[in-house]
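K.L.:
Have a peek at query03.cif (mmCIF, C-alpha atoms).
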```
data_data
loop_
_atom_site.label_atom_id
_atom_site.label_comp_id
_atom_site.auth_asym_id
_atom_site.auth_seq_id
_atom_site.Cartn_x
_atom_site.Cartn_y
_atom_site.Cartn_z
CA MET I 1 78.82 23.60 81.38
CA TYR I 2 76.92 24.23 78.14
CA GLY I 3 79.48 23.01 75.64
CA SER I 4 77.12 20.48 74.06
CA LYS I 5 74.40 23.11 73.62
CA LEU I 6 76.62 25.71 71.98
CA LYS I 7 76.90 25.71 68.22
CA GLU I 8 80.25 24.92 66.70
CA ARG I 9 81.31 28.55 66.19
CA GLN I 10 79.89 29.87 69.47
CA THR I 11 82.40 30.27 72.25
CA LEU I 12 82.34 31.80 75.67
CA ASP I 13 84.86 34.62 75.51
CA LEU I 14 86.88 35.77 78.52
CA ARG I 15 85.17 39.18 78.73
CA THR I 16 81.72 37.57 78.93
CA ALA I 17 82.93 35.27 81.68
CA GLU I 18 84.35 38.25 83.60
CA LEU I 19 81.09 40.18 83.29
CA TRP I 20 79.04 37.20 84.43
CA THR I 21 81.35 36.67 87.39
CA LEU I 22 81.04 40.32 88.40
CA ALA I 23 77.24 40.34 87.99
CA ILE I 24 76.78 37.12 89.96
CA LYS I 25 79.15 38.26 92.70
CA ASN I 26 77.39 41.63 93.07
CA SER I 27 73.95 40.02 93.14
CA GLY I 28 74.59 38.58 96.59
CA ILE I 29 73.76 35.07 95.41
CA THR I 30 74.90 32.36 97.80
CA LEU I 31 76.85 29.26 96.82
CA LYS I 32 73.75 27.16 97.47
CA GLU I 33 71.66 29.40 95.18
CA PHE I 34 74.38 29.33 92.51
CA ASN I 35 74.44 25.54 92.53
CA GLN I 36 70.65 25.38 92.35
CA ALA I 37 70.60 27.81 89.41
CA ALA I 38 73.30 25.79 87.63
CA GLU I 39 71.26 22.61 88.08
CA LEU I 40 68.04 24.27 86.93
CA SER I 41 69.73 25.79 83.88
CA LEU I 42 70.79 22.36 82.62
CA ASN I 43 67.12 21.52 82.04
CA LEU I 44 66.59 24.55 79.80
CA LYS I 45 66.49 24.24 76.03
CA TRP I 46 69.13 27.00 75.77
CA PRO I 47 71.47 28.38 78.41
CA PRO I 48 70.66 31.78 79.95
CA THR I 49 72.10 34.60 77.86
CA ALA I 50 72.48 37.05 80.73
CA ALA I 51 73.77 36.62 84.26
CA GLN I 52 70.53 38.12 85.62
CA ASP I 53 68.55 35.39 83.82
CA PHE I 54 70.77 32.81 85.50
CA ILE I 55 70.21 34.36 88.94
CA GLU I 56 66.45 34.61 88.39
CA LEU I 57 66.27 30.85 87.83
CA VAL I 58 66.65 30.29 91.56
CA ARG I 59 65.11 33.50 92.85
CA GLN I 60 61.93 33.69 90.81
CA ASN I 61 58.79 33.43 92.90
CA LYS I 62 60.94 32.94 95.99
CA PRO I 63 59.94 35.30 98.76
CA SER I 64 62.84 37.25 100.19
CA GLU I 65 63.80 36.60 103.78
CA TYR I 66 64.36 40.34 104.13
CA PRO I 67 61.64 42.97 104.46
CA ALA I 68 61.17 45.22 101.45
CA ALA I 69 63.18 48.44 101.72
CA GLN I 70 60.09 50.65 102.15
CA SER I 71 58.69 48.40 104.87
CA ALA I 72 62.09 48.30 106.59
CA PHE I 73 62.29 52.11 106.44
CA ASN I 74 58.84 52.50 108.00
CA THR I 75 59.67 49.97 110.73
CA ALA I 76 63.01 51.62 111.54
CA CYS I 77 61.49 55.12 111.71
CA GLN I 78 58.65 53.93 113.93
CA ASN I 79 60.92 51.99 116.30
CA CYS I 80 63.50 54.78 116.51
CA GLY I 81 60.74 57.25 117.36
CA MET I 82 59.65 55.23 120.41
CA ARG I 83 60.85 56.52 123.75
CA GLY I 84 61.93 54.61 126.82
CA ASP I 85 62.37 50.92 127.47
CA VAL I 86 59.61 49.54 125.30
CA LYS I 87 59.53 46.43 123.16
CA ARG I 88 60.33 47.20 119.55
CA ASP I 89 59.49 44.84 116.70
CA TRP I 90 62.36 45.21 114.21
CA LYS I 91 61.00 42.48 111.85
CA HIS I 92 64.57 41.41 110.97
CA GLU I 93 68.07 41.93 112.31
CA VAL I 94 69.14 43.81 109.16
CA VAL I 95 66.55 46.52 109.88
CA TYR I 96 67.99 46.97 113.39
CA GLU I 97 71.57 47.06 112.08
CA THR I 98 70.65 49.64 109.43
CA ALA I 99 69.02 51.83 112.11
CA ASN I 100 72.18 51.59 114.23
CA ARG I 101 74.40 52.61 111.32
CA ILE I 102 72.27 55.59 110.36
CA GLY I 103 71.43 56.68 113.89
CA TRP I 104 68.19 56.44 115.78
CA GLY I 105 67.87 60.20 116.16
CA VAL I 106 68.07 60.68 112.40
CA LEU I 107 65.45 58.02 111.69
CA ALA I 108 63.13 59.20 114.46
CA SER I 109 62.57 62.44 112.55
CA ALA I 110 63.17 61.19 108.99
CA THR I 111 60.73 61.94 106.20
CA GLU I 112 60.20 60.10 102.91
CA TYR I 113 62.97 62.22 101.38
CA TYR I 114 65.46 60.26 103.46
CA PHE I 115 64.30 56.91 102.04
CA LYS I 116 66.89 56.83 99.24
CA THR I 117 69.77 57.18 101.73
CA PHE I 118 68.20 54.54 103.96
CA GLN I 119 67.77 52.19 101.00
CA GLU I 120 71.45 52.41 100.02
CA ILE I 121 72.65 51.54 103.52
CA TYR I 122 69.95 48.88 103.91
CA GLU I 123 71.08 47.12 100.72
CA GLN I 124 74.68 47.12 101.99
CA VAL I 125 73.58 45.53 105.26
CA VAL I 126 71.44 42.93 103.44
CA ASN I 127 74.41 41.99 101.22
CA GLU I 128 76.65 41.66 104.27
CA HIS I 129 74.04 39.43 105.92
CA ARG I 130 73.75 37.28 102.77
CA ASN I 131 77.53 36.90 102.82
CA GLY I 132 77.46 35.52 106.35
CA ASP I 133 77.61 38.50 108.71
CA ARG I 134 75.22 38.17 111.63
CA PHE I 135 73.68 40.99 113.61
CA VAL I 136 71.97 40.67 116.98
CA ILE I 137 68.91 42.49 118.22
CA PRO I 138 69.45 42.92 121.96
CA GLU I 139 66.67 41.95 124.32
CA GLU I 140 64.83 45.01 125.49
CA ARG I 141 65.26 46.10 129.07
CA GLN I 142 61.75 46.13 130.41
CA LEU I 143 60.62 46.63 133.94
CA ALA I 144 57.87 44.19 134.70
CA TYR I 145 55.83 43.70 137.82
CA GLU I 146 55.75 40.14 139.01
CA HIS I 147 53.77 38.94 142.02
CA THR I 148 54.04 35.42 143.37
CA PRO I 149 51.61 34.78 146.24
CA VAL I 150 53.02 33.11 149.37
CA GLN I 151 51.76 29.55 149.80
CA GLN I 152 50.55 28.52 153.25
CA GLY I 153 52.80 26.02 155.03
CA THR I 154 56.03 27.15 153.37
CA ALA I 155 59.12 28.62 155.04
CA ALA I 156 58.22 32.06 153.69
CA SER I 157 54.75 31.80 155.21
CA ALA I 158 56.26 30.84 158.58
CA ASN I 159 58.64 33.84 158.45
CA ILE I 160 55.75 36.21 157.73
CA ASP I 161 53.66 34.73 160.56
CA ALA I 162 56.61 35.11 162.98
CA PHE I 163 57.13 38.72 161.91
CA LEU I 164 53.46 39.59 162.37
CA ALA I 165 53.41 37.85 165.77
CA LYS I 166 56.01 40.37 167.03
CA PHE I 167 53.44 43.11 166.57
CA GLY I 168 50.63 41.24 168.27
CA SER I 169 48.79 40.43 165.08
CA LYS I 170 47.47 36.93 164.90
CA LYS I 171 46.46 35.02 161.85
CA GLY I 172 42.89 35.67 160.90
CA GLU I 173 42.45 38.77 163.07
CA ALA I 174 41.68 42.12 161.56
CA VAL I 175 44.38 44.70 162.08
#
```
Once you've parsed the file, please lay out its structure as structure tokens.
P.N.:
Amino acid sequence: MYGSKLKERQTLDLRTAELWTLAIKNSGITLKEFNQAAELSLNLKWPPTAAQDFIELVRQNKPSEYPAAQSAFNTACQNCGMRGDVKRDWKHEVVYETANRIGWGVLASATEYYFKTFQEIYEQVVNEHRNGDRFVIPEERQLAYEHTPVQQGTAASANIDAFLAKFGSKKGEAV
């Protein structure tokens, strides 16, 4: 890729290529990001000298689609501490999946000392998500009261009137 920019005696040795491959693979970079970084690097005066520099070409100033680990930890602990069928705002499916893997009971009573453990598992889940795994946040089971008034002149209204007529109550009369 950079053959024309390398000096005559500079070569890309096999070990360097292996290290770059390992670093890029472990970074969780997607194929789309890799191609963007490759394209951006061609406009540089000199090629990146480290794999991390190459990765940063595409990721610099790009907000992450994932919540920061500390924010994810706080969200998971708060949501796991809620009781009953209430709506929980997980912020992202990776936060929910991390909470499931660790256990809601553990996170409900977790302190800041547990953050390091959470962060390790969270980073695994984020990498899995970047590599194509998808996790689903189930819809909460909520009991909700719903009242739909009966419209006059409908079949339901006629049934109610007939039922009330059996007991001697007539429309408009006080019971």
K.L.:
Of the candidates I:Trp20, I:Glu139, I:Phe34, I:Ser71, which shows the shortest atom-to-atom distance to Gln52 of chain I, using all atoms listed in the file?
P.N.:
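Going through I:Trp20, I:Glu139, I:Phe34, I:Ser71 one by one, the smallest distance to Gln52 of chain I is for I:Trp20.
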K.L.:
Kindly indicate which residue among I:Thr98, I:Asn74, I:Thr148, I:Thr16 lies nearest to Ile121 of chain I, using all atoms listed in the file for the distances.
P.N.:
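Closest residue, counting all atoms listed in the file: I:Thr98.
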K.L.:
Give me the residues within 7 Å of segment 37-44 of chain I as a list in words, counting only C-alpha atoms and dropping any in the same chain fewer than 3 places off.
P.N.:
Glu33, Phe34, Pro47, Phe54, Ile55, Leu57 and Val58 of chain I
K.L.:
Would you mind listing what lies within 10 Å of Thr111 of chain I as an MDAnalysis selection string, with all atoms listed in the file counted and same-chain residues fewer than 4 positions away left out?
P.N.:
chainID I and resid 73:74 77 106:107 115
K.L.:
Of the candidates I:Pro67, I:Ile24, I:Leu31, I:Val125, which shows the shortest atom-to-atom distance to Ala51 of chain I, using all atoms listed in the file?
P.N.:
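Closest to Ala51 of chain I, using all atoms listed in the file: I:Ile24.
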K.L.:
Applying 12 Å and only C-alpha atoms, which residues near Asp133 of chain I remain after dropping the ones on its own chain fewer than 3 positions away? List them as a PyMOL selection string.
P.N.:
chain I and resi 93-94+97+124-130+136
K.L.:
How far is it from atom CA of Lys87 of chain I to atom CA of Ser64 of chain I, in Å with one decimal?
P.N.:
25.0 Å
